[in-house]
>>> print(open('my_file-v4.txt').read())   # compact mmCIF, C-alpha atoms
# COMPACT_ATOMS: atom_id res chain seq x y z
CA MET A 117 113.67 -84.39 -47.81
CA THR A 118 114.99 -83.16 -44.47
CA LYS A 119 116.96 -79.93 -44.89
CA THR A 120 118.82 -77.45 -42.75
CA PHE A 121 118.67 -73.67 -43.12
CA THR A 122 121.93 -72.09 -42.02
CA ASN A 123 123.60 -68.71 -41.53
CA LEU A 124 120.52 -66.88 -40.27
CA ASN A 125 119.75 -64.38 -37.52
CA LEU A 126 116.76 -65.72 -35.62
CA PHE A 127 113.86 -63.93 -33.95
CA ASN A 128 111.84 -66.85 -32.65
CA GLY A 129 108.60 -64.93 -32.07
CA ILE A 130 108.80 -65.17 -28.28
CA ASP A 131 112.10 -63.86 -26.94
CA ASP A 132 113.18 -60.23 -27.22
CA LYS A 133 116.48 -60.98 -28.91
CA ILE A 134 118.14 -62.04 -32.13
CA ILE A 135 120.09 -65.31 -32.03
CA GLU A 136 122.93 -64.86 -34.49
CA ASN A 137 124.45 -67.57 -36.68
CA SER A 138 121.47 -69.86 -36.15
CA TYR A 139 120.23 -72.88 -38.05
CA LEU A 140 116.86 -74.65 -38.45
CA THR A 141 116.34 -78.24 -39.54
CA VAL A 142 113.00 -79.07 -41.14
CA ASP A 143 111.68 -82.55 -41.92
CA ASP A 144 109.47 -83.81 -44.75
CA SER A 145 106.28 -82.86 -42.89
CA GLY A 146 107.36 -79.22 -42.69
CA ARG A 147 108.04 -79.33 -38.97
CA ILE A 148 111.16 -78.01 -37.27
CA ILE A 149 113.14 -80.86 -35.71
CA ALA A 150 116.26 -78.99 -34.58
CA ILE A 151 117.41 -75.45 -33.80
CA GLY A 152 120.89 -74.34 -32.87
CA THR A 153 123.86 -72.17 -33.73
CA GLY A 154 126.68 -72.80 -36.14
CA ILE A 155 126.47 -75.31 -38.98
CA PRO A 156 125.54 -78.82 -37.85
CA ASP A 157 127.18 -81.87 -39.34
CA ASP A 158 123.81 -83.60 -39.81
CA GLY A 159 124.20 -84.88 -43.36
CA ASN A 160 121.19 -82.87 -44.54
CA SER A 161 121.15 -80.61 -47.57
CA LYS A 162 121.99 -77.05 -46.55
CA ILE A 163 120.23 -73.81 -47.55
CA ASP A 164 122.37 -70.75 -46.80
CA LEU A 165 120.20 -67.75 -45.83
CA ASN A 166 123.14 -65.38 -46.18
CA ASN A 167 123.10 -63.82 -42.72
CA LYS A 168 119.55 -62.52 -43.15
CA TYR A 169 116.92 -62.21 -40.45
CA VAL A 170 114.29 -64.90 -39.89
CA MET A 171 111.01 -64.37 -38.02
CA PRO A 172 107.79 -66.39 -37.86
CA GLY A 173 105.25 -65.88 -40.62
CA MET A 174 102.76 -63.16 -39.78
CA ILE A 175 99.30 -64.08 -38.48
CA ASN A 176 96.38 -61.74 -39.19
CA VAL A 177 93.47 -62.53 -36.88
CA HIS A 178 90.82 -60.32 -38.48
CA THR A 179 90.21 -60.61 -42.22
CA HIS A 180 87.22 -60.85 -44.55
CA ILE A 181 88.61 -62.79 -47.48
CA MET A 182 85.29 -62.55 -49.33
CA MET A 183 85.64 -58.79 -49.88
CA ASP A 184 87.26 -56.65 -52.54
CA PRO A 185 88.55 -53.59 -50.65
CA ILE A 186 88.28 -51.38 -53.73
CA ILE A 187 84.99 -52.48 -55.26
CA ASN A 188 83.24 -53.73 -52.10
CA LYS A 189 80.77 -55.76 -54.11
CA PHE A 190 79.65 -57.92 -51.20
CA ASN A 191 76.12 -56.54 -51.22
CA TYR A 192 75.21 -58.65 -54.23
CA ALA A 193 78.00 -61.18 -54.63
CA SER A 194 77.23 -64.77 -55.54
CA GLU A 195 78.95 -67.72 -53.88
CA ALA A 196 81.12 -68.19 -56.96
CA GLU A 197 82.23 -64.54 -56.79
CA VAL A 198 82.91 -64.79 -53.05
CA THR A 199 85.05 -67.90 -53.58
CA PHE A 200 86.96 -66.32 -56.47
CA GLU A 201 87.64 -63.21 -54.40
CA ALA A 202 88.74 -65.27 -51.41
CA LEU A 203 91.26 -67.24 -53.45
CA ASN A 204 92.70 -64.03 -54.90
CA ASN A 205 92.99 -62.50 -51.44
CA LEU A 206 94.69 -65.56 -49.99
CA GLN A 207 97.29 -65.27 -52.73
CA LYS A 208 97.90 -61.61 -51.85
CA LEU A 209 98.20 -62.44 -48.16
CA LEU A 210 100.81 -65.11 -48.81
CA GLN A 211 102.84 -62.79 -51.02
CA ALA A 212 102.81 -60.30 -48.14
CA GLY A 213 104.20 -62.82 -45.65
CA VAL A 214 100.92 -63.69 -43.91
CA THR A 215 100.95 -67.43 -43.38
CA TYR A 216 97.80 -67.79 -41.25
CA VAL A 217 94.55 -65.83 -40.90
CA ARG A 218 91.41 -65.97 -38.85
CA ASP A 219 88.54 -64.99 -41.08
CA CYS A 220 85.91 -63.07 -39.13
CA GLY A 221 82.79 -63.50 -41.20
CA CYS A 222 82.29 -64.93 -44.65
CA ALA A 223 79.17 -65.30 -46.80
CA PHE A 224 78.10 -68.82 -47.76
CA ASP A 225 80.63 -70.23 -45.23
CA VAL A 226 83.24 -70.04 -47.99
CA ASP A 227 86.05 -69.73 -45.43
CA ILE A 228 84.96 -73.04 -43.86
CA LYS A 229 84.79 -74.75 -47.24
CA LEU A 230 88.24 -73.53 -48.24
CA ARG A 231 89.64 -74.64 -44.88
CA LYS A 232 88.35 -78.15 -45.52
CA LEU A 233 90.20 -78.17 -48.84
CA GLN A 234 93.35 -77.15 -46.97
CA GLU A 235 92.90 -79.97 -44.49
CA GLU A 236 92.54 -82.40 -47.39
CA GLY A 237 95.75 -81.10 -48.95
CA GLN A 238 94.03 -79.69 -52.02
CA LEU A 239 94.65 -76.01 -51.27
CA LYS A 240 98.05 -74.66 -50.31
CA GLY A 241 99.20 -71.27 -49.12
CA THR A 242 97.94 -69.09 -46.27
CA GLU A 243 95.93 -71.19 -43.85
CA ILE A 244 92.50 -70.20 -42.56
CA LEU A 245 90.91 -70.46 -39.15
CA PRO A 246 87.28 -70.02 -40.23
CA SER A 247 84.33 -68.41 -38.48
CA GLY A 248 81.67 -68.95 -41.12
CA ARG A 249 78.72 -66.60 -41.07
CA PRO A 250 78.70 -64.15 -38.14
CA MET A 251 75.90 -63.69 -35.60
CA THR A 252 73.82 -60.51 -35.84
CA MET A 253 70.36 -59.13 -35.17
CA THR A 254 67.68 -58.21 -37.67
CA GLY A 255 68.86 -54.99 -39.28
CA GLY A 256 72.17 -55.11 -37.46
CA HIS A 257 75.81 -55.04 -38.46
CA ALA A 258 76.25 -57.90 -41.01
CA ASP A 259 72.54 -58.04 -41.95
CA PHE A 260 73.03 -56.36 -45.29
CA VAL A 261 74.07 -59.04 -47.78
CA GLU A 262 70.95 -60.30 -49.50
CA GLY A 263 70.65 -63.27 -51.82
CA LEU A 264 68.18 -63.71 -54.63
CA ASP A 265 65.48 -64.77 -52.17
CA GLY A 266 65.89 -61.58 -50.14
CA GLU A 267 67.49 -63.39 -47.18
CA THR A 268 70.86 -62.55 -45.73
CA THR A 269 73.72 -64.66 -47.06
CA TRP A 270 76.32 -63.33 -44.64
CA GLY A 271 75.06 -62.94 -41.09
CA HIS A 272 72.94 -65.42 -39.13
CA ILE A 273 69.94 -63.55 -37.71
CA THR A 274 70.01 -64.37 -33.99
CA ASP A 275 67.18 -62.47 -32.32
CA SER A 276 66.90 -64.79 -29.30
CA ASP A 277 68.94 -67.15 -27.17
CA ASP A 278 67.47 -70.13 -29.00
CA ALA A 279 68.28 -68.63 -32.39
CA MET A 280 71.85 -67.98 -31.23
CA ARG A 281 72.28 -71.51 -29.94
CA HIS A 282 70.97 -72.97 -33.20
CA ALA A 283 73.19 -70.76 -35.36
CA VAL A 284 76.33 -71.52 -33.37
CA ARG A 285 75.60 -75.23 -33.62
CA GLN A 286 75.07 -74.87 -37.36
CA ASN A 287 78.48 -73.24 -37.73
CA PHE A 288 80.03 -75.93 -35.54
CA LYS A 289 78.48 -78.65 -37.69
CA ARG A 290 79.88 -77.06 -40.84
CA GLY A 291 83.39 -76.73 -39.44
CA ALA A 292 83.83 -73.27 -37.87
CA LYS A 293 86.65 -72.88 -35.35
CA ASN A 294 85.61 -69.42 -34.16
CA ILE A 295 82.28 -67.69 -33.71
CA LYS A 296 81.96 -64.00 -34.56
CA VAL A 297 79.27 -62.07 -32.68
CA MET A 298 78.25 -58.62 -33.87
CA VAL A 299 77.62 -57.09 -30.47
CA THR A 300 77.30 -53.45 -31.56
CA GLY A 301 76.71 -51.33 -34.60
CA GLY A 302 79.57 -50.47 -36.87
CA VAL A 303 81.05 -47.93 -39.24
CA MET A 304 80.01 -49.78 -42.39
CA SER A 305 76.37 -50.55 -41.57
CA PRO A 306 73.87 -47.92 -42.74
CA THR A 307 71.12 -48.05 -40.12
CA ASP A 308 72.96 -48.09 -36.80
CA GLN A 309 75.52 -46.19 -34.76
CA VAL A 310 78.73 -47.69 -33.45
CA ASP A 311 77.52 -47.52 -29.84
CA ASP A 312 74.21 -49.29 -30.55
CA VAL A 313 73.96 -52.57 -28.63
CA GLU A 314 72.69 -55.21 -31.04
CA LEU A 315 72.93 -58.47 -29.10
CA THR A 316 71.82 -59.00 -25.52
CA GLU A 317 74.25 -60.17 -22.88
CA SER A 318 72.25 -63.38 -22.67
CA GLU A 319 72.56 -64.00 -26.40
CA ILE A 320 76.31 -63.40 -26.29
CA ARG A 321 76.66 -65.65 -23.26
CA THR A 322 74.78 -68.38 -25.11
CA ALA A 323 77.24 -68.05 -27.99
CA VAL A 324 80.17 -68.29 -25.59
CA GLU A 325 78.77 -71.30 -23.74
CA GLU A 326 78.06 -73.19 -26.94
CA SER A 327 81.41 -72.27 -28.49
CA HIS A 328 83.62 -72.99 -25.50
CA SER A 329 81.96 -76.36 -24.95
CA LYS A 330 83.02 -77.30 -28.49
CA HIS A 331 86.61 -76.00 -28.57
CA MET A 332 85.65 -72.87 -30.50
CA THR A 333 86.61 -69.31 -29.58
CA VAL A 334 84.40 -66.21 -29.70
CA ALA A 335 85.40 -62.90 -31.26
CA ALA A 336 83.20 -59.92 -30.43
CA HIS A 337 82.75 -57.04 -32.85
CA ALA A 338 82.29 -54.49 -30.07
CA GLN A 339 82.76 -50.76 -30.58
CA GLY A 340 80.48 -49.00 -28.09
CA ASN A 341 81.25 -49.09 -24.37
CA ARG A 342 78.05 -50.83 -23.23
CA GLY A 343 78.39 -53.51 -25.87
CA ILE A 344 82.02 -54.08 -24.89
CA GLN A 345 80.86 -54.60 -21.31
CA PHE A 346 78.21 -57.12 -22.38
CA ALA A 347 80.83 -59.02 -24.36
CA LEU A 348 83.32 -59.09 -21.47
CA ASP A 349 80.68 -60.15 -18.96
CA ALA A 350 79.65 -62.95 -21.30
CA GLY A 351 83.22 -64.29 -21.50
CA VAL A 352 84.37 -63.65 -25.08
CA ASP A 353 87.97 -64.35 -26.06
CA SER A 354 88.70 -61.14 -27.95
CA ILE A 355 87.32 -57.67 -28.44
CA GLU A 356 87.51 -56.56 -32.07
CA HIS A 357 87.90 -52.79 -32.58
CA GLY A 358 87.08 -51.75 -28.99
CA ILE A 359 86.69 -48.09 -29.89
CA TYR A 360 85.06 -46.94 -26.63
CA LEU A 361 86.94 -49.27 -24.28
CA ASP A 362 87.40 -47.75 -20.81
CA GLU A 363 90.08 -48.23 -18.17
CA ASN A 364 88.10 -50.64 -16.01
CA GLN A 365 87.39 -52.79 -19.03
CA ALA A 366 91.06 -52.74 -20.02
CA ASP A 367 92.02 -53.84 -16.51
CA PHE A 368 89.53 -56.70 -16.76
CA MET A 369 90.96 -57.75 -20.13
CA LYS A 370 94.49 -57.71 -18.74
CA ASN A 371 93.51 -59.75 -15.69
CA HIS A 372 91.38 -62.27 -17.61
CA ASP A 373 93.61 -62.67 -20.68
CA VAL A 374 91.11 -61.20 -23.13
CA TYR A 375 92.81 -60.00 -26.31
CA LEU A 376 92.26 -56.66 -28.07
CA VAL A 377 92.31 -56.51 -31.87
CA PRO A 378 92.04 -52.77 -32.62
CA THR A 379 92.14 -53.01 -36.46
CA LEU A 380 93.68 -49.56 -36.82
CA SER A 381 94.07 -50.03 -40.57
CA ALA A 382 90.32 -50.11 -41.15
CA CYS A 383 89.91 -46.66 -39.66
CA VAL A 384 93.06 -45.14 -41.16
CA ASN A 385 92.36 -46.27 -44.71
CA ILE A 386 88.80 -44.97 -44.79
CA GLU A 387 90.10 -41.59 -43.64
CA LYS A 388 92.93 -41.57 -46.19
CA PHE A 389 91.26 -42.92 -49.29
CA ALA A 390 87.48 -43.22 -48.99
CA LYS A 391 86.13 -39.67 -48.98
CA ASN A 392 83.52 -39.34 -51.75
CA LYS A 393 84.12 -43.03 -52.60
CA VAL A 394 81.99 -44.58 -49.87
CA PRO A 395 78.56 -43.51 -48.58
CA ASP A 396 78.65 -40.33 -46.50
CA TYR A 397 77.37 -42.09 -43.38
CA MET A 398 80.37 -44.43 -43.45
CA TYR A 399 82.97 -41.70 -43.88
CA LEU A 400 81.40 -39.47 -41.21
CA LYS A 401 81.10 -42.27 -38.66
CA ASN A 402 84.71 -43.17 -39.25
CA GLN A 403 85.86 -39.60 -38.77
CA ALA A 404 83.93 -39.42 -35.51
CA VAL A 405 85.63 -42.45 -33.96
CA LYS A 406 89.23 -42.37 -35.18
CA THR A 407 90.68 -40.28 -32.34
CA ASP A 408 88.92 -42.36 -29.68
CA LEU A 409 90.09 -45.61 -31.27
CA PHE A 410 93.75 -44.61 -31.07
CA LYS A 411 93.40 -43.05 -27.61
CA ASN A 412 91.71 -46.03 -26.02
CA ALA A 413 93.89 -48.62 -27.74
CA THR A 414 96.93 -46.71 -26.45
CA MET A 415 95.46 -46.81 -22.95
CA ALA A 416 94.85 -50.56 -23.21
CA ALA A 417 98.38 -51.19 -24.46
CA SER A 418 99.84 -49.15 -21.59
CA LYS A 419 97.95 -51.38 -19.12
CA GLY A 420 99.40 -54.53 -20.63
CA VAL A 421 96.37 -55.79 -22.53
CA LYS A 422 97.57 -58.21 -25.19
CA ILE A 423 97.26 -56.39 -28.52
CA VAL A 424 96.91 -58.67 -31.53
CA VAL A 425 97.37 -57.86 -35.22
CA GLY A 426 94.19 -57.90 -37.23
CA THR A 427 93.36 -55.51 -40.04
CA ASP A 428 89.70 -56.03 -41.01
CA ALA A 429 91.15 -56.57 -44.49
CA GLY A 430 88.53 -56.27 -47.20
CA THR A 431 86.85 -53.21 -45.74
CA PRO A 432 87.18 -50.06 -47.90
CA PHE A 433 90.75 -49.55 -49.19
CA ASN A 434 92.05 -51.98 -46.56
CA SER A 435 94.56 -54.03 -48.54
CA PHE A 436 95.31 -57.72 -48.31
CA ALA A 437 98.62 -57.10 -50.07
CA THR A 438 100.08 -54.49 -47.71
CA GLY A 439 97.65 -54.16 -44.82
CA THR A 440 99.14 -56.60 -42.33
CA ALA A 441 102.60 -55.03 -42.43
CA ASP A 442 100.99 -51.58 -42.31
CA GLU A 443 99.05 -52.60 -39.20
CA VAL A 444 102.23 -53.88 -37.56
CA VAL A 445 103.85 -50.48 -38.08
CA LEU A 446 100.72 -48.56 -37.04
CA LEU A 447 100.62 -50.36 -33.71
CA THR A 448 103.89 -48.72 -32.70
CA GLU A 449 101.89 -45.47 -32.58
CA LEU A 450 100.19 -46.90 -29.48
CA GLY A 451 103.54 -46.81 -27.67
CA LEU A 452 104.35 -50.47 -28.26
CA THR A 453 107.93 -51.47 -29.01
CA PRO A 454 108.69 -53.46 -32.17
CA TYR A 455 109.06 -56.55 -30.00
CA GLN A 456 105.63 -56.06 -28.40
CA VAL A 457 104.04 -55.53 -31.79
CA LEU A 458 105.67 -58.65 -33.23
CA LEU A 459 104.26 -60.68 -30.35
CA GLY A 460 100.88 -59.54 -31.62
CA THR A 461 101.39 -61.07 -35.04
CA ASN A 462 103.28 -64.12 -33.76
CA ILE A 463 102.76 -65.91 -30.44
CA TYR A 464 99.86 -63.79 -29.07
CA ALA A 465 97.97 -64.26 -32.32
CA ALA A 466 98.58 -68.01 -32.23
CA GLU A 467 97.45 -68.19 -28.60
CA LEU A 468 94.22 -66.39 -29.43
CA LEU A 469 93.55 -68.84 -32.26
CA ASN A 470 94.53 -71.83 -30.08
CA ILE A 471 97.15 -72.89 -32.61
CA ASP A 472 100.23 -71.97 -30.58
CA ASP A 473 101.19 -75.63 -30.24
CA GLN A 474 102.01 -75.64 -33.97
CA TYR A 475 102.33 -72.01 -35.11
CA GLY A 476 103.27 -68.53 -33.92
CA SER A 477 106.90 -69.11 -33.03
CA ILE A 478 109.96 -70.84 -34.40
CA ASP A 479 110.47 -73.83 -32.17
CA VAL A 480 111.05 -77.57 -32.34
CA ASN A 481 107.92 -79.55 -33.33
CA LYS A 482 106.22 -76.48 -34.79
CA PHE A 483 105.63 -75.89 -38.48
CA ALA A 484 108.38 -74.02 -40.31
CA ASP A 485 106.37 -70.95 -41.38
CA PHE A 486 108.85 -68.09 -41.53
CA LEU A 487 109.95 -64.92 -43.30
CA VAL A 488 113.46 -64.02 -44.44
CA LEU A 489 114.18 -60.29 -44.17
CA ASP A 490 117.15 -58.08 -44.97
CA ASP A 491 116.89 -56.05 -41.76
CA ASN A 492 116.32 -56.73 -38.08
CA PRO A 493 112.59 -56.39 -37.25
CA LEU A 494 113.35 -55.82 -33.57
CA THR A 495 115.22 -52.61 -34.38
CA ASP A 496 113.43 -51.58 -37.60
CA ILE A 497 109.75 -52.56 -37.57
CA ASN A 498 109.43 -51.33 -41.16
CA SER A 499 111.48 -54.34 -42.24
CA VAL A 500 108.24 -56.37 -42.35
CA LYS A 501 107.19 -54.22 -45.30
CA GLN A 502 110.05 -55.54 -47.45
CA ILE A 503 108.57 -56.21 -50.87
CA ASP A 504 111.02 -58.91 -51.92
CA LYS A 505 110.99 -60.87 -48.66
CA GLN A 506 111.19 -64.65 -48.82
CA VAL A 507 108.21 -66.54 -47.42
CA TYR A 508 108.46 -70.16 -46.32
CA LYS A 509 105.38 -72.24 -45.59
CA LYS A 510 106.04 -75.53 -43.82
CA GLY A 511 109.66 -75.35 -44.88
CA GLU A 512 108.98 -74.74 -48.58
CA LEU A 513 109.82 -71.49 -50.32
CA VAL A 514 106.51 -70.16 -51.62
CA VAL A 515 107.37 -66.51 -52.25
CA GLY A 516 110.70 -64.94 -53.13
CA GLN A 517 113.99 -65.68 -54.78
CA THR A 518 116.82 -68.02 -53.86
CA ASP A 519 119.84 -69.22 -55.86
CA ASN A 520 118.73 -66.93 -58.69
CA VAL A 521 115.53 -68.94 -59.12
CA VAL A 522 112.25 -67.11 -58.56
CA GLU A 523 109.51 -69.16 -56.94
CA THR A 524 105.97 -67.82 -56.81
CA ALA A 525 103.14 -68.79 -54.52
CA SER A 526 100.86 -71.54 -55.73
CA LEU A 527 97.48 -72.30 -54.22
CA VAL A 528 96.96 -75.65 -55.93
>>> encode(input="my_file-v4.txt", output="structure tokens")
Amino acid sequence: MTKTFTNLNLFNGIDDKIIENSYLTVDDSGRIIAIGTGIPDDGNSKIDLNNKYVMPGMINVHTHIMMDPIINKFNYASEAEVTFEALNNLQKLLQAGVTYVRDCGCAFDVDIKLRKLQEEGQLKGTEILPSGRPMTMTGGHADFVEGLDGETTWGHITDSDDAMRHAVRQNFKRGAKNIKVMVTGGVMSPTDQVDDVELTESEIRTAVEESHSKHMTVAAHAQGNRGIQFALDAGVDSIEHGIYLDENQADFMKNHDVYLVPTLSACVNIEKFAKNKVPDYMYLKNQAVKTDLFKNATMAASKGVKIVVGTDAGTPFNSFATGTADEVVLLTELGLTPYQVLLGTNIYAAELLNIDDQYGSIDVNKFADFLVLDDNPLTDINSVKQIDKQVYKKGELVVGQTDNVVETASLV
């Protein structure tokens, strides 16, 4: 049934303003068919939002839905366990107001399989743009999840251009929409350092060529400076983490519309909560890079690089339930205004995922994914942390309370 939401203060996800006394009309498909001010005489049923603030649902472009951030059991998880964990985490994300995620590496291609269920209408809730298994080298970052046969069940081992091409095509065949390349070492891998280069420029370029020819994007896990340069030269769409990004690289990203996803939460939560709870190598590596991460992300933001919200959710103590809103607030520490940060979880995020024709802002012909908040997010960025926010997915209330009736998220 077509319905009209009235009496709301609208942040549309693009413009730096609140449009007071707005309304939205949503049709049976969950798409917005009209936006305006006042109360239209359209004959539709009316839902009064009581002068609250409406913004687009948050998009988190870097998650690992397979992981439990407290237990971190991924070293020996079965496919059934990975799927169970992923469904639980999707529920937490929806409750938090995250209506779309890009998953950046999932064992057994579980993210792809769940996305197919969503496309068939069998799985509701937070939508997934899947990457499937990421690309790594033998012994590299993401080559540490072994199945019963001793082979990796998470990363594809891509030790040559041909191996990379084959792996990307495999992911494409299975339904991936993004390809994740593990260009450098990382904090969580035991045998490398964050500035180790683990894929050649040629291998990364092969991934980009194959992906871009098939309407897929490429996200580069790139922490060390040399690896970041390889990734940029190869033409990736986003740099994930970017710890040792330099000014020339930031200028290149600005000029070539390459997005930065700094995942501040991953670093902050290991420092806050993980001492003596994770292996020493992990805690020490994290301590060594935290200052540089914030310094260089601040530099990139000051140059106008598009900063996008991604949390690396699932890494140690990095919550699906609260992490996205925490990341939104953390990004203001880079000198970004609330408006600039919200672009990073709304339209910039949708542009990076190539879904901005349907998501990322509140506009006619787009899906009605939105949050209802008590306070103005453009003046108080902490408003996104509101625990009892209302969450609408395609025009349906999936989290929150209205008319004294509590509705909870349902995945099936």
>>> closest_atom_pairs(input="my_file-v4.txt", of="region 410-512 of chain A", to="region 158-174 of chain A", cutoff="9 Å", atoms="only C-alpha atoms", output="Markdown table")
| residue | atom | partner | partner_atom | distance |
| --- | --- | --- | --- | --- |
| A:Val425 | CA | A:Met174 | CA | 8.8 |
| A:Thr440 | CA | A:Met174 | CA | 7.9 |
| A:Ala441 | CA | A:Met174 | CA | 8.6 |
| A:Leu458 | CA | A:Met174 | CA | 8.5 |
| A:Thr461 | CA | A:Met174 | CA | 5.4 |
| A:Asn462 | CA | A:Met174 | CA | 6.1 |
| A:Ile463 | CA | A:Pro172 | CA | 9.0 |
| A:Ala465 | CA | A:Met174 | CA | 8.9 |
| A:Tyr475 | CA | A:Pro172 | CA | 8.3 |
| A:Gly476 | CA | A:Pro172 | CA | 6.4 |
| A:Ser477 | CA | A:Pro172 | CA | 5.6 |
| A:Ile478 | CA | A:Pro172 | CA | 6.0 |
| A:Ala484 | CA | A:Pro172 | CA | 8.0 |
| A:Asp485 | CA | A:Gly173 | CA | 5.2 |
| A:Phe486 | CA | A:Pro172 | CA | 4.2 |
| A:Leu487 | CA | A:Met171 | CA | 5.4 |
| A:Val488 | CA | A:Val170 | CA | 4.7 |
| A:Leu489 | CA | A:Tyr169 | CA | 5.0 |
| A:Asp490 | CA | A:Lys168 | CA | 5.4 |
| A:Asp491 | CA | A:Tyr169 | CA | 6.3 |
| A:Asn492 | CA | A:Tyr169 | CA | 6.0 |
| A:Pro493 | CA | A:Tyr169 | CA | 7.9 |
| A:Val507 | CA | A:Gly173 | CA | 7.4 |
| A:Tyr508 | CA | A:Gly173 | CA | 7.8 |
| A:Lys509 | CA | A:Gly173 | CA | 8.1 |
>>> atom_distance(input="my_file-v4.txt", atom1="CA of Ile186 (chain A)", atom2="CA of Phe436 (chain A)")
10.9 Å
>>> closest_residue(input="my_file-v4.txt", among="A:Ile423, A:Ile471, A:Val480, A:Val457", to="Asp132 (chain A)", atoms="all atoms listed in the file")
A:Val457
>>> residues_near_point(input="my_file-v4.txt", point="(116.6, -58.5, -28.5)", cutoff="10 Å", atoms="all atoms listed in the file", output="list in words")
Phe127, Asp131, Asp132, Lys133, Ile134, Ile135, Tyr455, Asn492, Pro493, Leu494 and Thr495 of chain A
>>> residues_near_point(input="my_file-v4.txt", point="(124.8, -77.6, -31.5)", cutoff="12 Å", atoms="all atoms listed in the file", output="PyMOL selection string")
chain A and resi 137-141+150-158
>>> residues_around(input="my_file-v4.txt", residues="Phe224 (chain A)", least_positions_apart="4", cutoff="8 Å", atoms="only C-alpha atoms", output="list in words")
Glu195, Gly248, Arg249, Thr269 and Trp270 of chain A
>>> atom_distance(input="my_file-v4.txt", atom1="CA of Gly271 (chain A)", atom2="CA of Gly460 (chain A)")
27.7 Å
>>> closest_residue(input="my_file-v4.txt", among="A:Ser499, A:Gln211, A:Thr252, A:Asn176", to="Val515 (chain A)", atoms="all atoms listed in the file")
A:Gln211
>>> axis_aligned_box(input="my_file-v4.txt", around="region 174-178 of chain A", padding_each_side="6 Å", output="JSON")
{"center_x": 96.8, "center_y": -62.2, "center_z": -38.3, "size_x": 23.9, "size_y": 15.8, "size_z": 14.9}
>>> residues_around(input="my_file-v4.txt", residues="region 389-400 of chain A", least_positions_apart="6", cutoff="8 Å", atoms="only C-alpha atoms", output="list of chain:residue names")
A:Val303, A:Met304, A:Ser305, A:Pro306, A:Pro432, A:Phe433
>>> closest_residue(input="my_file-v4.txt", among="A:Val421, A:Ala202, A:Ala437, A:Ile320", to="Ile228 (chain A)", atoms="all atoms listed in the file")
A:Ala202
>>> closest_residue(input="my_file-v4.txt", among="A:Phe483, A:Tyr360, A:Tyr216, A:Phe410", to="Gly241 (chain A)", atoms="all atoms listed in the file")
A:Tyr216
>>> atom_distance(input="my_file-v4.txt", atom1="CA of Leu409 (chain A)", atom2="CA of Gly351 (chain A)")
22.2 Å
>>> build_atoms(input="my_file-v4.txt", residues="region 127-135 of chain A", atoms="N, CA, C and O atoms", output="PDB file, in the frame of the given file")
ATOM      1  N   PHE A 127     114.838 -64.389 -34.934  1.00  0.00           N
ATOM      2  CA  PHE A 127     113.860 -63.930 -33.950  1.00  0.00           C
ATOM      3  C   PHE A 127     112.806 -65.025 -33.875  1.00  0.00           C
ATOM      4  O   PHE A 127     112.108 -65.294 -34.844  1.00  0.00           O
ATOM      5  N   ASN A 128     112.697 -65.656 -32.734  1.00  0.00           N
ATOM      6  CA  ASN A 128     111.840 -66.850 -32.650  1.00  0.00           C
ATOM      7  C   ASN A 128     110.372 -66.563 -32.401  1.00  0.00           C
ATOM      8  O   ASN A 128     109.552 -67.492 -32.336  1.00  0.00           O
ATOM      9  N   GLY A 129     109.996 -65.280 -32.271  1.00  0.00           N
ATOM     10  CA  GLY A 129     108.600 -64.930 -32.070  1.00  0.00           C
ATOM     11  C   GLY A 129     108.173 -64.865 -30.629  1.00  0.00           C
ATOM     12  O   GLY A 129     107.030 -64.516 -30.330  1.00  0.00           O
ATOM     13  N   ILE A 130     109.106 -65.178 -29.718  1.00  0.00           N
ATOM     14  CA  ILE A 130     108.800 -65.170 -28.280  1.00  0.00           C
ATOM     15  C   ILE A 130     109.788 -64.308 -27.505  1.00  0.00           C
ATOM     16  O   ILE A 130     109.388 -63.452 -26.719  1.00  0.00           O
ATOM     17  N   ASP A 131     111.071 -64.537 -27.727  1.00  0.00           N
ATOM     18  CA  ASP A 131     112.100 -63.860 -26.940  1.00  0.00           C
ATOM     19  C   ASP A 131     112.531 -62.547 -27.585  1.00  0.00           C
ATOM     20  O   ASP A 131     112.640 -62.446 -28.810  1.00  0.00           O
ATOM     21  N   ASP A 132     112.811 -61.560 -26.750  1.00  0.00           N
ATOM     22  CA  ASP A 132     113.180 -60.230 -27.220  1.00  0.00           C
ATOM     23  C   ASP A 132     114.678 -60.176 -27.534  1.00  0.00           C
ATOM     24  O   ASP A 132     115.459 -59.463 -26.892  1.00  0.00           O
ATOM     25  N   LYS A 133     115.079 -60.956 -28.520  1.00  0.00           N
ATOM     26  CA  LYS A 133     116.480 -60.980 -28.910  1.00  0.00           C
ATOM     27  C   LYS A 133     116.618 -61.647 -30.274  1.00  0.00           C
ATOM     28  O   LYS A 133     115.732 -62.361 -30.730  1.00  0.00           O
ATOM     29  N   ILE A 134     117.742 -61.380 -30.891  1.00  0.00           N
ATOM     30  CA  ILE A 134     118.140 -62.040 -32.130  1.00  0.00           C
ATOM     31  C   ILE A 134     119.238 -63.049 -31.791  1.00  0.00           C
ATOM     32  O   ILE A 134     120.221 -62.697 -31.119  1.00  0.00           O
ATOM     33  N   ILE A 135     119.060 -64.274 -32.235  1.00  0.00           N
ATOM     34  CA  ILE A 135     120.090 -65.310 -32.030  1.00  0.00           C
ATOM     35  C   ILE A 135     120.880 -65.407 -33.331  1.00  0.00           C
ATOM     36  O   ILE A 135     120.380 -65.897 -34.347  1.00  0.00           O
TER      37      ILE A 135
END
